Amino acid sequence: MNTLRLAVADGVTITKRNALKIRRAPDLLGGVVMLPIVFVLLFTYVFGSMISLPGMSYAEYMLPGIFVMTITTSAQITGYTLTQDLQKGIFDRFRTLPMSPSAVLTGQTLSDLIMNVTSIVTMTLVGLLVGWRVHTSPLEALLGFLMLLLFAYAFSWVTATVALALRTPEVFNNVATLVSLPLVFLSNAFVDSARLPGPLRPIAEWNPVSTLVQAARELFGNTSPAVPAPAAWPLRHAVPVSLLWSVLLLAVFVPLATRLYKRAVSR
Amino acid sequence: MPDAIVAEGLVKRYGDVVALDGMGLTVPEGSVFGLLGPNGAGKTTTVRILTTLLRPDAGHATVAGFDVVRDADRLRAHIGVSGQYAAVDDHLTGAENLEMVGRLHHLGTRRSRERARELLDRFDLTGAADRPVRGYSGGMRRRLDLAGALVAGPPVLFLDEPTTGLDPRARIGLWKVIAELVAGGTTVLLTTQYLEEADRLADRIAVVDHGRVIALGTADELKDQVGGDRIQLSVTSTASLESAARTLAPLAAGDMRIDAAALRLTIPVAGGAAALTEALGRLAAERITVRDAGLRRPTLDDVFLSLTGQRADEKTEEIA
Ligand SMILES: Nc1ncnc2c1ncn2[C@@H]1O[C@H](COP(=O)(O)OP(=O)(O)OP(=O)(O)O)[C@@H](O)[C@H]1O
Ligand SMILES: [Mg+2]
């Protein structure tokens, strides 16, 4: 019990440290606020002007995809920051302190969750300006936002694991871009996965990003009878499957990242 | 007195490189122990193992009664560490850095804040306390890191090359801090490449080379191992350096050291002051002009030379 209390206290201390860092590093904050604004405007106006959907505005179709794209991008900050810290030796200080070893990672992922809240709020406001609307009950909409944040948090642990395995910021950035681009674009975030050719279709349909986007569309009511519901199993049960994905990612990557952290700092 | 640090047969390998090769040491409570050795000797590796940052491949060690591998978690509450490279957070201010360390030591918010202010004052950082560390100079970062090691007032302190990068004033300041801590019962293990520093600070010194201790004792004991006094003299030209070396060779009780760049000769002798008189007489007879000359006790540099066949600084160049 006492161990748990200390772990929480240490996690809070590290979260505060990271929050201070975010405040002092305008590039980080800029990324978290500016990037979502640019994404929303660019995607809705550029694609929105070329594609017309029957029965709904393109912004409504698009925004859940932009939400998901942005949080998967922001979650990479966790990994990037970790690789930077690894090179600076501050972890040597942490490792000689009588603190909970999990605190560094929980602190990092929690402060990144705060950043993700900021970017989701930003996107929501800009989205409302460009014509995105919620058509469901406030409770469902809240559930939609929570689900996005849960996934963002789980995905932070994935990027933390990758970062601790790769160790250098440059390598991490390359790999993260290489993985996250297909993850986002081989999905139903911006196109109807049912219309993708051959082998791309099952990949897109089973991609957790697609599931999350579909779940967000349902919870925000950004669906239209003219855009038929997808037939693939994970997309037909998008909300529970999305939750399952997040829980699964946490169950696998929290212990994995913690193990790698211990190894990475004891070389 | 019980021993605060005991290490036996520590081995650490990195691929083919053997960083530690049977390293062992014992440090009684309340004393200062110096690890002295050239680059790559294994000083940092030893410190990292003793501070739970690294697991040894073989051997074992206890610090403050805790095994560094098995009891690592409990041990950390009893040590303070300042590594070779400052472990500070660039984005936080000096005060925030120390407060964070205090809170992670579970001192509580108020005590952490007080302690941070005390230490910033002690290390002359009060003026920079509320500036982000990013803007600190190398020596300021170093001092902040040293302060970080002292936050919880640990009974055992590890300092890896603590004075590297410090100006003379800060160095003397740190020496004073260490003396005060030891007077209060703290045990200190420090590493250094400054022979003078080990001589001045450490009660006992281990000379380390190739991952093991090659000599151990007080500074005086080590010097005694190398035998008697040295005549050191400098001349005015390369030609006279050579003839002086030839002239004085019969007086040498060990290997003569010739520093061509500084035009300096160092000659171990048996007879003390009489030998110096004798040497100056012979040089005068050969009409060799001597710029200055003197008799001195062996330094730790001499100890290193006689133990390894190389001077510490020659070795440094070889590796660099
Ligand atoms: N992470 C590592 N990977 C590979 N080799 C290493 C690593 N750390 C240390 N070594 C090697 O182990 C040996 C001992 O290194 P160590 O850092 O302990 O020396 P040191 O006495 O502290 O030297 P210095 O005076 O330069 O700080 C060196 O040969 C070094 O190259
Ligand atoms: Mg070293």
# chains A, B, ... in the order shown; residues from 1 in each chain; ligands from 1
$ interface_residues --of "chain A" --to "chain B" --cutoff "9 Å" --atoms "only C-alpha atoms" --output "PyMOL selection string"
chain A and resi 6+9-10+13-14+17+20-22+24-25+85+88-100+265-267
$ residues_around --residues "A:Val175" --least-positions-apart "4" --cutoff "10 Å" --atoms "only C-alpha atoms" --output "ChimeraX atom specification"
/A:162-163,166,169-171,179-180
$ closest_residue --among "A:Val68, A:Ala264, A:Leu196, A:Val184" --to "ligand 1" --atoms "only C-alpha atoms and all ligand atoms"
A:Ala264
$ residues_near_ligand --ligand "ligand 1" --cutoff "9 Å" --atoms "only C-alpha atoms and all ligand atoms" --output "PyMOL selection string"
(chain A and resi 267) or (chain B and resi 12-20+35-48+84+160-161+191-193+208-211+316)
$ select_by_dssp --residues "stretch 22-246 of chain B" --states "helix (DSSP H, G or I)" --output "ChimeraX atom specification"
/B:43-50,72-78,94-104,109-122,126-128,133-135,138-150,168-183,195-201,219-225,238-246
$ select_by_dssp --residues "stretch 107-303 of chain B" --states "strand (DSSP E or B)" --output "number ranges by chain"
B: 132, 156-160, 187-192, 204-209, 212-217, 230-235, 257-259, 264-268, 290-296
$ write_last_selection --atoms "N, CA and C atoms" --output "CSV table (one decimal), in the first residue's frame"
chain,number,residue,atom,x,y,z
B,132,PRO,N,16.5,28.8,-15.8
B,132,PRO,CA,16.6,27.5,-16.4
B,132,PRO,C,18.1,27.0,-16.5
B,156,VAL,N,26.5,8.0,2.7
B,156,VAL,CA,27.6,7.7,1.8
B,156,VAL,C,27.5,8.5,0.5
B,157,LEU,N,28.6,9.0,0.1
B,157,LEU,CA,28.6,10.0,-1.0
B,157,LEU,C,29.6,9.5,-2.1
B,158,PHE,N,29.1,9.5,-3.4
B,158,PHE,CA,30.0,9.1,-4.5
B,158,PHE,C,30.1,10.3,-5.4
B,159,LEU,N,31.4,10.6,-5.6
B,159,LEU,CA,31.6,11.8,-6.5
B,159,LEU,C,32.6,11.4,-7.6
B,160,ASP,N,32.1,11.4,-8.8
B,160,ASP,CA,33.0,10.9,-9.9
B,160,ASP,C,33.6,12.2,-10.6
B,187,THR,N,30.7,9.3,4.7
B,187,THR,CA,31.8,8.5,4.0
B,187,THR,C,31.8,9.0,2.5
B,188,VAL,N,33.0,9.3,2.0
B,188,VAL,CA,33.0,9.8,0.6
B,188,VAL,C,33.9,8.9,-0.2
B,189,LEU,N,33.4,8.5,-1.4
B,189,LEU,CA,34.3,7.8,-2.4
B,189,LEU,C,34.4,8.8,-3.6
B,190,LEU,N,35.6,9.2,-3.9
B,190,LEU,CA,35.7,10.1,-5.1
B,190,LEU,C,36.7,9.6,-6.0
B,191,THR,N,36.5,10.0,-7.3
B,191,THR,CA,37.5,9.6,-8.3
B,191,THR,C,38.2,10.9,-8.8
B,192,THR,N,39.4,10.8,-9.2
B,192,THR,CA,40.1,12.0,-9.7
B,192,THR,C,41.2,11.6,-10.6
B,204,ARG,N,42.6,7.5,2.2
B,204,ARG,CA,43.3,6.4,1.5
B,204,ARG,C,43.1,6.5,0.0
B,205,ILE,N,44.0,6.0,-0.8
B,205,ILE,CA,44.0,6.1,-2.2
B,205,ILE,C,44.2,4.7,-2.8
B,206,ALA,N,43.4,4.4,-3.8
B,206,ALA,CA,43.6,3.2,-4.6
B,206,ALA,C,44.0,3.7,-6.0
B,207,VAL,N,45.2,3.2,-6.4
B,207,VAL,CA,45.6,3.5,-7.8
B,207,VAL,C,45.0,2.4,-8.7
B,208,VAL,N,44.2,2.8,-9.7
B,208,VAL,CA,43.5,1.9,-10.5
B,208,VAL,C,44.1,1.9,-11.9
B,209,ASP,N,44.3,0.7,-12.5
B,209,ASP,CA,44.7,0.7,-13.9
B,209,ASP,C,44.1,-0.6,-14.5
B,212,ARG,N,41.6,-2.8,-12.2
B,212,ARG,CA,41.9,-3.3,-10.9
B,212,ARG,C,42.8,-2.4,-10.1
B,213,VAL,N,42.9,-2.6,-8.8
B,213,VAL,CA,43.7,-1.8,-7.9
B,213,VAL,C,45.1,-2.3,-8.0
B,214,ILE,N,46.0,-1.4,-8.4
B,214,ILE,CA,47.4,-1.8,-8.5
B,214,ILE,C,48.2,-1.3,-7.3
B,215,ALA,N,47.7,-0.4,-6.5
B,215,ALA,CA,48.4,0.0,-5.3
B,215,ALA,C,47.4,0.7,-4.4
B,216,LEU,N,47.6,0.6,-3.1
B,216,LEU,CA,46.6,1.0,-2.1
B,216,LEU,C,47.3,1.5,-0.9
B,217,GLY,N,46.9,2.6,-0.3
B,217,GLY,CA,47.5,3.1,0.9
B,217,GLY,C,47.2,4.6,1.1
B,230,ARG,N,63.4,13.0,-4.8
B,230,ARG,CA,63.8,13.3,-6.2
B,230,ARG,C,64.5,14.6,-6.3
B,231,ILE,N,65.5,14.6,-7.2
B,231,ILE,CA,66.1,15.8,-7.6
B,231,ILE,C,65.4,16.3,-8.9
B,232,GLN,N,65.0,17.5,-8.9
B,232,GLN,CA,64.4,18.0,-10.1
B,232,GLN,C,65.1,19.3,-10.5
B,233,LEU,N,65.6,19.3,-11.7
B,233,LEU,CA,66.3,20.5,-12.2
B,233,LEU,C,66.0,20.8,-13.6
B,234,SER,N,66.1,22.1,-14.0
B,234,SER,CA,65.9,22.4,-15.4
B,234,SER,C,67.1,23.2,-15.9
B,235,VAL,N,67.3,23.0,-17.2
B,235,VAL,CA,68.5,23.6,-17.8
B,235,VAL,C,68.1,24.5,-18.9
B,257,ARG,N,63.8,10.6,-15.3
B,257,ARG,CA,62.8,11.0,-16.2
B,257,ARG,C,63.3,12.3,-16.9
B,258,ILE,N,63.2,12.3,-18.2
B,258,ILE,CA,63.7,13.4,-19.0
B,258,ILE,C,62.5,14.0,-19.7
B,259,ASP,N,62.2,15.3,-19.4
B,259,ASP,CA,61.1,16.0,-20.1
B,259,ASP,C,61.8,17.0,-21.1
B,264,ARG,N,63.6,19.5,-18.5
B,264,ARG,CA,63.6,19.2,-17.1
B,264,ARG,C,64.0,17.7,-16.8
B,265,LEU,N,64.8,17.5,-15.8
B,265,LEU,CA,65.3,16.2,-15.4
B,265,LEU,C,64.7,15.9,-14.0
B,266,THR,N,64.2,14.7,-13.8
B,266,THR,CA,63.8,14.2,-12.5
B,266,THR,C,64.6,12.9,-12.2
B,267,ILE,N,65.3,13.0,-11.1
B,267,ILE,CA,66.2,11.8,-10.8
B,267,ILE,C,65.9,11.3,-9.4
B,268,PRO,N,65.5,10.1,-9.2
B,268,PRO,CA,65.4,9.5,-7.9
B,268,PRO,C,66.8,9.3,-7.3
B,290,VAL,N,72.5,25.7,-14.8
B,290,VAL,CA,71.2,25.1,-14.2
B,290,VAL,C,70.3,26.3,-14.0
B,291,ARG,N,69.0,26.2,-14.6
B,291,ARG,CA,68.1,27.3,-14.4
B,291,ARG,C,67.5,27.3,-13.0
B,292,ASP,N,67.0,26.1,-12.5
B,292,ASP,CA,66.6,25.9,-11.1
B,292,ASP,C,66.8,24.5,-10.8
B,293,ALA,N,66.9,24.3,-9.5
B,293,ALA,CA,67.1,22.9,-9.0
B,293,ALA,C,66.5,22.7,-7.6
B,294,GLY,N,66.0,21.5,-7.3
B,294,GLY,CA,65.4,21.4,-6.0
B,294,GLY,C,65.3,19.9,-5.6
B,295,LEU,N,65.0,19.7,-4.4
B,295,LEU,CA,64.8,18.3,-3.9
B,295,LEU,C,63.3,18.2,-3.5
B,296,ARG,N,62.6,17.1,-3.9
B,296,ARG,CA,61.2,17.0,-3.5
B,296,ARG,C,60.9,15.6,-3.2
$ closest_residue --among "B:Ile178, B:Val27, B:Ala4, B:Thr164" --to "ligand 2" --atoms "only C-alpha atoms and all ligand atoms"
B:Thr164
$ residues_around --residues "stretch 224-241 of chain A" --least-positions-apart "2" --cutoff "9 Å" --atoms "only C-alpha atoms" --output "VMD selection string"
chain A and resid 53 to 56 61 144 147 192 to 194 202 205 to 208 210 to 216 218 to 219 221 to 222 243 to 246
$ atom_distance --atom1 "atom CA of B:Thr247" --atom2 "atom CA of B:Val303"
25.1 Å
$ residues_around --residues "B:Val269" --least-positions-apart "6" --cutoff "12 Å" --atoms "only C-alpha atoms" --output "NGL selection string"
:B and (226-232 or 248-256 or 275-279 or 295-298)
$ closest_residue --among "A:Val32, A:Thr159, A:Val12, A:Leu148" --to "A:Ser242" --atoms "only C-alpha atoms"
A:Leu148
$ atom_distance --atom1 "atom CA of A:Ala7" --atom2 "atom CA of A:Ala103"
6.1 Å
$ atom_distance --atom1 "atom CA of A:Asn116" --atom2 "atom CA of A:Gly79"
14.2 Å
$ closest_residue --among "B:Lys176, B:Arg113, B:Arg142, B:Arg287" --to "B:Thr163" --atoms "only C-alpha atoms"
B:Arg142
$ residues_around --residues "B:Phe123" --least-positions-apart "2" --cutoff "9 Å" --atoms "only C-alpha atoms" --output "list in words"
Glu118, Leu119, Leu120, Asp121, Leu125, Thr126, Met140, Arg143, Leu144, Leu146, Ala147, Ala170, Gly173, Leu174 and Val177 of chain B
